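Structure file run.pdb with PDB, C-alpha atoms and all ligand atoms:
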ATOM      1  CA  MET A   5       7.871 -15.764   7.340
ATOM      2  CA  ALA A   6       5.105 -17.668   5.604
ATOM      3  CA  GLU A   7       5.983 -17.541   1.935
ATOM      4  CA  SER A   8       4.717 -19.850  -0.754
ATOM      5  CA  LEU A   9       6.430 -20.123  -4.101
ATOM      6  CA  HIS A  10       3.738 -22.326  -5.636
ATOM      7  CA  TRP A  11       1.257 -20.857  -8.098
ATOM      8  CA  ARG A  12      -2.347 -21.367  -7.087
ATOM      9  CA  SER A  13      -5.591 -20.639  -8.899
ATOM     10  CA  GLY A  14      -7.728 -17.851  -7.572
ATOM     11  CA  VAL A  15     -11.210 -16.785  -8.607
ATOM     12  CA  ILE A  16     -12.101 -13.095  -8.787
ATOM     13  CA  GLU A  17     -15.229 -12.726  -6.643
ATOM     14  CA  ARG A  18     -15.684  -8.968  -6.742
ATOM     15  CA  ILE A  19     -14.412  -6.012  -8.767
ATOM     16  CA  ALA A  20     -14.992  -2.328  -8.030
ATOM     17  CA  ARG A  21     -13.606   0.875  -9.517
ATOM     18  CA  THR A  22     -12.591   2.717  -6.343
ATOM     19  CA  THR A  23     -10.965   5.854  -7.813
ATOM     20  CA  PRO A  24     -10.827   7.167 -11.408
ATOM     21  CA  SER A  25      -7.640   5.146 -11.994
ATOM     22  CA  VAL A  26      -7.766   2.345  -9.425
ATOM     23  CA  THR A  27      -9.723  -0.889  -9.493
ATOM     24  CA  ASN A  28     -10.003  -3.176  -6.495
ATOM     25  CA  LEU A  29     -10.260  -6.910  -6.982
ATOM     26  CA  TRP A  30     -11.208  -9.451  -4.334
ATOM     27  CA  VAL A  31      -9.847 -12.929  -5.050
ATOM     28  CA  ARG A  32     -10.601 -16.225  -3.366
ATOM     29  CA  ALA A  33      -7.566 -18.521  -3.324
ATOM     30  CA  ALA A  34      -6.215 -21.242  -1.069
ATOM     31  CA  VAL A  35      -3.015 -19.473  -0.067
ATOM     32  CA  ALA A  36      -1.287 -19.170   3.309
ATOM     33  CA  PRO A  37      -2.428 -16.306   5.546
ATOM     34  CA  HIS A  38      -0.523 -13.092   4.972
ATOM     35  CA  ILE A  39       1.078 -10.564   7.294
ATOM     36  CA  ALA A  40       0.237  -6.895   6.755
ATOM     37  CA  GLY A  41       2.663  -5.378   4.250
ATOM     38  CA  GLN A  42       3.225  -8.511   2.149
ATOM     39  CA  HIS A  43       2.385  -8.874  -1.530
ATOM     40  CA  MET A  44       1.218 -11.529  -3.981
ATOM     41  CA  ASP A  45       2.513 -12.267  -7.448
ATOM     42  CA  VAL A  46      -0.288 -12.398 -10.007
ATOM     43  CA  ARG A  47       0.159 -14.342 -13.260
ATOM     44  CA  LEU A  48      -2.059 -14.056 -16.319
ATOM     45  CA  THR A  49      -2.047 -16.545 -19.176
ATOM     46  CA  ALA A  50      -3.381 -15.707 -22.645
ATOM     47  CA  PRO A  51      -5.155 -18.321 -24.821
ATOM     48  CA  ASP A  52      -1.942 -18.664 -26.871
ATOM     49  CA  GLY A  53       0.038 -19.497 -23.716
ATOM     50  CA  TYR A  54       1.712 -16.087 -23.356
ATOM     51  CA  GLN A  55       2.185 -15.269 -19.668
ATOM     52  CA  ALA A  56       2.781 -12.059 -17.743
ATOM     53  CA  GLN A  57       3.209 -11.657 -14.023
ATOM     54  CA  ARG A  58       3.394  -8.675 -11.678
ATOM     55  CA  SER A  59       3.415  -8.110  -7.931
ATOM     56  CA  TYR A  60       0.480  -6.563  -6.040
ATOM     57  CA  SER A  61       0.378  -5.728  -2.357
ATOM     58  CA  THR A  62      -2.348  -7.252  -0.260
ATOM     59  CA  ALA A  63      -4.718  -4.612   1.072
ATOM     60  CA  SER A  64      -6.798  -6.939   3.220
ATOM     61  CA  ALA A  65      -6.314  -7.207   6.933
ATOM     62  CA  PRO A  66      -4.723 -10.544   7.857
ATOM     63  CA  GLY A  67      -7.411 -13.188   8.270
ATOM     64  CA  ALA A  68      -9.831 -11.649   5.759
ATOM     65  CA  PRO A  69     -11.569 -14.355   3.693
ATOM     66  CA  LEU A  70     -10.676 -12.799   0.317
ATOM     67  CA  ILE A  71      -7.392 -11.358  -0.946
ATOM     68  CA  GLU A  72      -7.984  -7.704  -1.750
ATOM     69  CA  LEU A  73      -5.808  -6.014  -4.364
ATOM     70  CA  ALA A  74      -5.943  -2.396  -5.507
ATOM     71  CA  VAL A  75      -4.492  -1.931  -8.971
ATOM     72  CA  GLU A  76      -3.728   1.415 -10.595
ATOM     73  CA  ALA A  77      -4.259   1.358 -14.361
ATOM     74  CA  LEU A  78      -1.044   2.585 -15.969
ATOM     75  CA  GLU A  79      -1.098   3.936 -19.496
ATOM     76  CA  ASP A  80       0.062   1.094 -21.750
ATOM     77  CA  GLY A  81       0.445  -1.079 -18.660
ATOM     78  CA  GLU A  82       0.198  -4.687 -19.757
ATOM     79  CA  VAL A  83      -1.063  -6.332 -16.571
ATOM     80  CA  SER A  84      -2.633  -3.356 -14.780
ATOM     81  CA  SER A  85      -4.765  -2.483 -17.839
ATOM     82  CA  TYR A  86      -5.986  -6.056 -18.059
ATOM     83  CA  LEU A  87      -6.885  -6.254 -14.377
ATOM     84  CA  CYS A  88      -8.574  -2.836 -14.407
ATOM     85  CA  GLU A  89     -10.368  -2.925 -17.766
ATOM     86  CA  ILE A  90     -10.864  -6.512 -18.907
ATOM     87  CA  ALA A  91     -10.941  -8.893 -15.927
ATOM     88  CA  GLN A  92     -14.439 -10.023 -14.912
ATOM     89  CA  VAL A  93     -15.985 -11.523 -11.814
ATOM     90  CA  GLY A  94     -15.617 -15.310 -12.098
ATOM     91  CA  ASP A  95     -12.310 -15.136 -13.998
ATOM     92  CA  THR A  96      -9.388 -17.201 -12.775
ATOM     93  CA  VAL A  97      -5.942 -15.754 -12.135
ATOM     94  CA  GLU A  98      -2.889 -17.442 -10.710
ATOM     95  CA  LEU A  99      -1.427 -16.220  -7.449
ATOM     96  CA  ARG A 100       1.862 -16.892  -5.689
ATOM     97  CA  GLY A 101       2.565 -15.782  -2.155
ATOM     98  CA  PRO A 102       2.249 -14.177   0.288
ATOM     99  CA  ILE A 103       5.748 -12.801  -0.267
ATOM    100  CA  GLY A 104       7.933 -10.493   1.806
ATOM    101  CA  GLY A 105       9.650 -10.698   5.166
ATOM    102  CA  HIS A 106      10.924  -7.156   5.736
ATOM    103  CA  PHE A 107       8.124  -4.779   4.773
ATOM    104  CA  ILE A 108       5.731  -6.173   7.375
ATOM    105  CA  TRP A 109       3.954  -4.994  10.493
ATOM    106  CA  PRO A 110       4.227  -5.990  13.280
ATOM    107  CA  PRO A 111       7.952  -6.079  12.585
ATOM    108  CA  ASP A 112       8.687  -9.247  14.541
ATOM    109  CA  GLU A 113       7.113 -12.515  15.615
ATOM    110  CA  SER A 114       5.898 -11.148  18.975
ATOM    111  CA  GLY A 115       3.050  -9.363  17.219
ATOM    112  CA  HIS A 116       3.039  -6.688  19.883
ATOM    113  CA  ALA A 117       3.781  -3.003  20.071
ATOM    114  CA  SER A 118       6.516  -1.601  17.867
ATOM    115  CA  GLY A 119       6.689   1.942  19.206
ATOM    116  CA  ALA A 120       5.609   4.924  17.117
ATOM    117  CA  VAL A 121       5.234   4.090  13.431
ATOM    118  CA  LEU A 122       5.349   6.487  10.490
ATOM    119  CA  LEU A 123       3.797   5.312   7.217
ATOM    120  CA  VAL A 124       4.434   7.218   3.994
ATOM    121  CA  GLY A 125       2.658   6.189   0.794
ATOM    122  CA  GLY A 126       2.578   7.609  -2.708
ATOM    123  CA  GLY A 127      -0.287   6.672  -5.068
ATOM    124  CA  SER A 128      -0.994   2.940  -5.040
ATOM    125  CA  GLY A 129       1.921   2.654  -2.591
ATOM    126  CA  VAL A 130      -0.677   3.184   0.117
ATOM    127  CA  VAL A 131      -2.027  -0.355  -0.387
ATOM    128  CA  PRO A 132       0.288  -2.304   1.975
ATOM    129  CA  LEU A 133       0.046   0.593   4.439
ATOM    130  CA  VAL A 134      -3.744   0.185   4.468
ATOM    131  CA  SER A 135      -3.251  -3.473   5.333
ATOM    132  CA  ILE A 136      -0.987  -2.352   8.196
ATOM    133  CA  VAL A 137      -3.562   0.209   9.404
ATOM    134  CA  ARG A 138      -6.365  -2.380   9.181
ATOM    135  CA  SER A 139      -4.248  -4.965  10.985
ATOM    136  CA  ARG A 140      -3.429  -2.513  13.761
ATOM    137  CA  ALA A 141      -7.081  -1.418  14.067
ATOM    138  CA  ALA A 142      -8.045  -5.034  14.720
ATOM    139  CA  ARG A 143      -5.733  -5.183  17.755
ATOM    140  CA  ASN A 144      -6.641  -4.164  21.266
ATOM    141  CA  GLY A 145      -6.419  -0.603  22.536
ATOM    142  CA  ALA A 146      -3.261  -1.243  24.572
ATOM    143  CA  VAL A 147      -1.344  -2.401  21.487
ATOM    144  CA  ARG A 148      -2.605   0.608  19.521
ATOM    145  CA  ALA A 149      -1.660   3.030  22.299
ATOM    146  CA  ALA A 150       1.849   1.552  22.389
ATOM    147  CA  SER A 151       2.186   1.895  18.611
ATOM    148  CA  PRO A 152       0.870   5.329  17.686
ATOM    149  CA  MET A 153       0.736   5.659  13.915
ATOM    150  CA  LEU A 154       0.924   8.527  11.450
ATOM    151  CA  LEU A 155       0.031   7.935   7.803
ATOM    152  CA  LEU A 156       1.215  10.508   5.266
ATOM    153  CA  TYR A 157      -0.460   9.707   1.958
ATOM    154  CA  SER A 158       0.263  11.527  -1.260
ATOM    155  CA  ALA A 159      -1.923  11.307  -4.379
ATOM    156  CA  ARG A 160      -2.700  13.502  -7.348
ATOM    157  CA  SER A 161      -6.098  14.679  -6.100
ATOM    158  CA  TRP A 162      -8.808  14.139  -3.490
ATOM    159  CA  GLU A 163     -10.623  11.797  -5.914
ATOM    160  CA  GLU A 164      -7.480   9.713  -6.415
ATOM    161  CA  LEU A 165      -7.029   8.942  -2.704
ATOM    162  CA  ILE A 166      -7.668   5.192  -2.433
ATOM    163  CA  TYR A 167      -9.373   4.134   0.843
ATOM    164  CA  ARG A 168      -9.904   7.820   1.644
ATOM    165  CA  ASP A 169     -13.165   7.511   3.588
ATOM    166  CA  GLU A 170     -12.090   4.379   5.451
ATOM    167  CA  LEU A 171      -8.850   6.066   6.553
ATOM    168  CA  ILE A 172     -10.729   9.180   7.678
ATOM    169  CA  ALA A 173     -13.052   6.947   9.729
ATOM    170  CA  PHE A 174     -10.069   5.174  11.339
ATOM    171  CA  GLU A 175      -8.666   8.549  12.354
ATOM    172  CA  ALA A 176     -12.019   9.696  13.757
ATOM    173  CA  ASN A 177     -12.349   6.560  15.888
ATOM    174  CA  ASP A 178      -8.794   6.162  17.134
ATOM    175  CA  PRO A 179      -6.900   9.007  18.827
ATOM    176  CA  THR A 180      -3.643   7.060  18.393
ATOM    177  CA  PHE A 181      -3.939   7.110  14.577
ATOM    178  CA  MET A 182      -3.205  10.321  12.685
ATOM    179  CA  LEU A 183      -3.763  10.839   8.964
ATOM    180  CA  ARG A 184      -2.521  13.566   6.648
ATOM    181  CA  PHE A 185      -3.250  13.649   2.931
ATOM    182  CA  MET A 186      -1.069  15.433   0.418
ATOM    183  CA  THR A 187      -2.673  16.213  -2.925
ATOM    184  CA  THR A 188      -0.309  17.392  -5.608
ATOM    185  CA  ARG A 189      -2.978  18.591  -8.079
ATOM    186  CA  GLY A 190      -6.208  20.129  -6.932
ATOM    187  CA  GLU A 191      -7.373  21.473  -3.648
ATOM    188  CA  LYS A 192      -7.237  19.949  -0.213
ATOM    189  CA  HIS A 193     -10.578  19.233   1.444
ATOM    190  CA  ARG A 194      -9.536  19.129   5.111
ATOM    191  CA  ASP A 195      -7.747  21.981   6.901
ATOM    192  CA  VAL A 196      -5.145  19.640   8.385
ATOM    193  CA  ASP A 197      -4.012  18.307   4.999
ATOM    194  CA  PHE A 198      -1.511  19.701   2.496
ATOM    195  CA  ASP A 199      -2.050  20.671  -1.148
ATOM    196  CA  GLN A 200       1.540  20.104  -2.148
ATOM    197  CA  ARG A 201       4.169  17.430  -2.531
ATOM    198  CA  LEU A 202       5.806  15.959   0.543
ATOM    199  CA  ASN A 203       8.959  17.964   1.113
ATOM    200  CA  GLU A 204      11.311  18.533   4.016
ATOM    201  CA  MET A 205       9.331  21.417   5.531
ATOM    202  CA  LEU A 206       6.001  19.621   5.227
ATOM    203  CA  LEU A 207       7.466  16.513   6.833
ATOM    204  CA  ARG A 208       8.843  18.589   9.687
ATOM    205  CA  THR A 209       5.407  20.236  10.198
ATOM    206  CA  ALA A 210       3.551  16.901  10.144
ATOM    207  CA  LEU A 211       5.999  15.258  12.570
ATOM    208  CA  ALA A 212       5.723  18.257  14.921
ATOM    209  CA  HIS A 213       1.889  17.938  14.930
ATOM    210  CA  TRP A 214       2.241  14.252  15.620
ATOM    211  CA  GLY A 215       4.619  14.834  18.517
ATOM    212  CA  GLN A 216       6.139  11.324  18.342
ATOM    213  CA  THR A 217       9.554  10.019  17.403
ATOM    214  CA  ALA A 218       9.187   7.347  14.738
ATOM    215  CA  GLN A 219      10.767   4.090  15.831
ATOM    216  CA  LEU A 220       9.894   2.534  12.499
ATOM    217  CA  VAL A 221       9.094   4.036   9.111
ATOM    218  CA  TYR A 222       7.458   2.285   6.154
ATOM    219  CA  VAL A 223       7.723   4.009   2.781
ATOM    220  CA  CYS A 224       6.008   2.670  -0.345
ATOM    221  CA  GLY A 225       5.415   3.947  -3.862
ATOM    222  CA  SER A 226       7.151   4.372  -7.191
ATOM    223  CA  ASN A 227      10.955   4.190  -7.199
ATOM    224  CA  ALA A 228      11.262   7.970  -7.484
ATOM    225  CA  PHE A 229       8.818   8.573  -4.614
ATOM    226  CA  VAL A 230      10.625   6.144  -2.313
ATOM    227  CA  GLU A 231      14.053   7.608  -3.135
ATOM    228  CA  THR A 232      12.870  11.172  -2.458
ATOM    229  CA  ILE A 233      11.105  10.311   0.792
ATOM    230  CA  THR A 234      13.866   8.144   2.243
ATOM    231  CA  SER A 235      16.525  10.786   1.595
ATOM    232  CA  THR A 236      14.241  13.457   3.101
ATOM    233  CA  LEU A 237      13.729  11.286   6.190
ATOM    234  CA  VAL A 238      17.453  10.700   6.594
ATOM    235  CA  HIS A 239      17.973  14.490   6.320
ATOM    236  CA  GLN A 240      15.498  14.801   9.191
ATOM    237  CA  SER A 241      17.812  12.614  11.294
ATOM    238  CA  ILE A 242      15.694   9.478  11.116
ATOM    239  CA  PRO A 243      18.279   6.665  11.135
ATOM    240  CA  ALA A 244      18.276   4.681   7.889
ATOM    241  CA  GLU A 245      18.022   1.385   9.790
ATOM    242  CA  ARG A 246      14.571   2.414  11.038
ATOM    243  CA  ILE A 247      13.293   2.856   7.479
ATOM    244  CA  ARG A 248      11.703   0.003   5.510
ATOM    245  CA  ALA A 249      10.962   0.668   1.859
ATOM    246  CA  GLU A 250       8.899  -1.050  -0.849
ATOM    247  CA  ARG A 251       9.563   0.100  -4.412
ATOM    248  CA  TYR A 252       6.865  -0.437  -7.025
ATOM    249  CA  GLY A 253       8.967   0.443 -10.091
ATOM    250  CA  GLY A 254       8.497   3.144 -12.699
ATOM    251  CA  THR A 255       9.969   6.578 -12.663
ATOM    252  CA  SER A 256       7.022   8.865 -11.953
TER     253      SER A 256
HETATM  254  C1  LIG B 301       6.253  -5.564  -4.241
HETATM  255  C2  LIG B 301       5.387  -4.804  -5.229
HETATM  256  C3  LIG B 301       4.060  -4.548  -4.914
HETATM  257  C4  LIG B 301       3.259  -3.826  -5.803
HETATM  258  N1  LIG B 301       1.972  -3.553  -5.446
HETATM  259  C5  LIG B 301       1.190  -2.821  -6.281
HETATM  260  C6  LIG B 301      -0.148  -2.472  -5.894
HETATM  261  O1  LIG B 301      -0.630  -2.816  -4.801
HETATM  262  N2  LIG B 301      -0.894  -1.747  -6.779
HETATM  263  C7  LIG B 301      -0.404  -1.344  -7.999
HETATM  264  O2  LIG B 301      -1.126  -0.698  -8.760
HETATM  265  N3  LIG B 301       0.879  -1.648  -8.377
HETATM  266  C8  LIG B 301       1.670  -2.397  -7.549
HETATM  267  N4  LIG B 301       2.950  -2.727  -7.949
HETATM  268  C9  LIG B 301       3.379  -2.410  -9.321
HETATM  269  C10 LIG B 301       2.956  -3.588 -10.247
HETATM  270  O3  LIG B 301       3.715  -4.744  -9.911
HETATM  271  C11 LIG B 301       3.220  -3.308 -11.716
HETATM  272  O4  LIG B 301       4.554  -2.924 -11.883
HETATM  273  C12 LIG B 301       2.304  -2.238 -12.277
HETATM  274  O5  LIG B 301       0.938  -2.651 -12.157
HETATM  275  C13 LIG B 301       2.648  -1.999 -13.756
HETATM  276  O6  LIG B 301       2.510  -3.183 -14.458
HETATM  277  P1  LIG B 301       1.968  -3.156 -15.966
HETATM  278  O7  LIG B 301       2.164  -4.521 -16.527
HETATM  279  O8  LIG B 301       0.607  -2.577 -15.997
HETATM  280  O9  LIG B 301       2.922  -2.099 -16.653
HETATM  281  P2  LIG B 301       4.143  -2.408 -17.650
HETATM  282  O10 LIG B 301       3.570  -2.915 -18.941
HETATM  283  O11 LIG B 301       5.125  -3.277 -16.942
HETATM  284  O12 LIG B 301       4.750  -0.961 -17.802
HETATM  285  C14 LIG B 301       4.045   0.085 -18.489
HETATM  286  C15 LIG B 301       4.719   1.412 -18.266
HETATM  287  O13 LIG B 301       4.549   1.819 -16.891
HETATM  288  C16 LIG B 301       5.809   2.052 -16.262
HETATM  289  N5  LIG B 301       5.660   1.567 -14.880
HETATM  290  C17 LIG B 301       5.765   0.294 -14.433
HETATM  291  N6  LIG B 301       5.546   0.232 -13.109
HETATM  292  C18 LIG B 301       5.280   1.503 -12.704
HETATM  293  C19 LIG B 301       4.953   2.099 -11.448
HETATM  294  N7  LIG B 301       4.859   1.368 -10.316
HETATM  295  N8  LIG B 301       4.737   3.425 -11.415
HETATM  296  C20 LIG B 301       4.819   4.192 -12.528
HETATM  297  N9  LIG B 301       5.127   3.670 -13.749
HETATM  298  C21 LIG B 301       5.353   2.358 -13.835
HETATM  299  C22 LIG B 301       6.797   1.261 -17.047
HETATM  300  O14 LIG B 301       8.092   1.822 -16.919
HETATM  301  C23 LIG B 301       6.237   1.363 -18.462
HETATM  302  O15 LIG B 301       6.604   2.595 -19.034
HETATM  303  C24 LIG B 301       3.784  -3.404  -7.051
HETATM  304  C25 LIG B 301       5.117  -3.677  -7.373
HETATM  305  C26 LIG B 301       5.901  -4.356  -6.482
HETATM  306  C27 LIG B 301       7.341  -4.640  -6.840
END
Before we go any further, please render this structure as structure tokens.
Amino acid sequence: MAESLHWRSGVIERIARTTPSVTNLWVRAAVAPHIAGQHMDVRLTAPDGYQAQRSYSTASAPGAPLIELAVEALEDGEVSSYLCEIAQVGDTVELRGPIGGHFIWPPDESGHASGAVLLVGGGSGVVPLVSIVRSRAARNGAVRAASPMLLLYSARSWEELIYRDELIAFEANDPTFMLRFMTTRGEKHRDVDFDQRLNEMLLRTALAHWGQTAQLVYVCGSNAFVETITSTLVHQSIPAERIRAERYGGTS
């Protein structure tokens, strides 16, 4: 897989607060093209030379001219607070990547159908899944029909759902893409969604509505979210070798 370990300068060309806690940044940098699901390392350097680096998934569809990141501001978070509160258009950051050879879609070099795909994201863990959904949407109808996709996306509230309207539009325009939101605080806004955490019964209900057998599952979010979801999936008889997981860290 294309993977560059050299740091390169990138210029922030656009910044937008997209939910109460998430800021999207669009960066122009001469890096290799990415595959949906990969991430970049971002390095910041203070005037006194102090450096901090963190990983951020690429939200953009492959081939997009700018690298799109969606960063959730964590309380006392060193790098996320900087990117969300202080960074300005025109600032330079260093980037390394794209990185990652396992958490990618399509799952192999052929670039073709992968069978039914289940995506499960918690909080900002939806970001690489959005890149996957965007990448799939750019493919022809035959590829999409051969890779039906269900995205289960859990966030605190309706307002905290990143890419909410874009995902709803994808679902409206593509009968092979199904979307279910789970909001853990606050009400649901669509009848089909769930106003509770993803648990075994909810997963069973969503999979029954979908009517497909997942050949591949991508799970992304905080460590605790990924652990809970993967063990729930295995309880539901989804073989562990079909599950690909990306852990963002933290405990919540
Ligand atoms: C492959 C990969 C891709 C990632 N992609 C994204 C992304 O697209 N968007 C995004 O917002 N983040 C993403 N992350 C998480 C990101 O790398 C940072 O860990 C996060 O922004 C916190 O960094 P910080 O410097 O702000 O917090 P720190 O100063 O490192 O930590 C502050 C506090 O937050 C806790 N914490 C750290 N990480 C998390 C977490 N993920 N969840 C909950 N609590 C946490 C720490 O334990 C600490 O208490 C990704 C992580 C990985 C490994």
Atom pair atom CA of Thr180 of chain A / atom CA of Leu155 of chain A: separation (Å):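 That distance, rounded to one decimal, is 11.2 Å.
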Selection as a PyMOL selection string: residues within 9 Å of ligand LIG 301 (chain B) by all atoms listed in the file: chain A and resi 26-27+42-46+56-63+73-87+103-104+127-132+224-228+250-256
12 Å contact set for Trp214 of chain A, only C-alpha atoms, chain neighbours under 5 positions out, as a VMD selection string: chain A and resid 120 to 122 152 to 156 179 to 184 196 207 to 209
Restricting the output to C-alpha atoms, write the selected residues as a compact mmCIF listing (two decimals), keeping the file's coordinate frame.
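The resulting file, selection_24.txt, is reproduced below:
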# COMPACT_ATOMS: atom_id res chain seq x y z
CA ALA A 120 5.61 4.92 17.12
CA VAL A 121 5.23 4.09 13.43
CA LEU A 122 5.35 6.49 10.49
CA PRO A 152 0.87 5.33 17.69
CA MET A 153 0.74 5.66 13.92
CA LEU A 154 0.92 8.53 11.45
CA LEU A 155 0.03 7.94 7.80
CA LEU A 156 1.22 10.51 5.27
CA PRO A 179 -6.90 9.01 18.83
CA THR A 180 -3.64 7.06 18.39
CA PHE A 181 -3.94 7.11 14.58
CA MET A 182 -3.20 10.32 12.68
CA LEU A 183 -3.76 10.84 8.96
CA ARG A 184 -2.52 13.57 6.65
CA VAL A 196 -5.14 19.64 8.38
CA LEU A 207 7.47 16.51 6.83
CA ARG A 208 8.84 18.59 9.69
CA THR A 209 5.41 20.24 10.20
Selection near His239 of chain A, 12 Å with only C-alpha atoms, sequence-local residues under 6 positions removed, as a ChimeraX atom specification: /A:203-205,207-208,232-233
Distance criterion (all atoms listed in the file): nearest to Thr23 of chain A out of A:Arg47, A:Gly145, A:Arg100, A:Trp162: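 The closest residue to Thr23 of chain A is A:Trp162.
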Result set of the PyMOL selection byres (((chain A and resi 189) around 7) and not hetatm) on the coordinates above, as a ChimeraX atom specification: /A:160-161,187-188,190-191
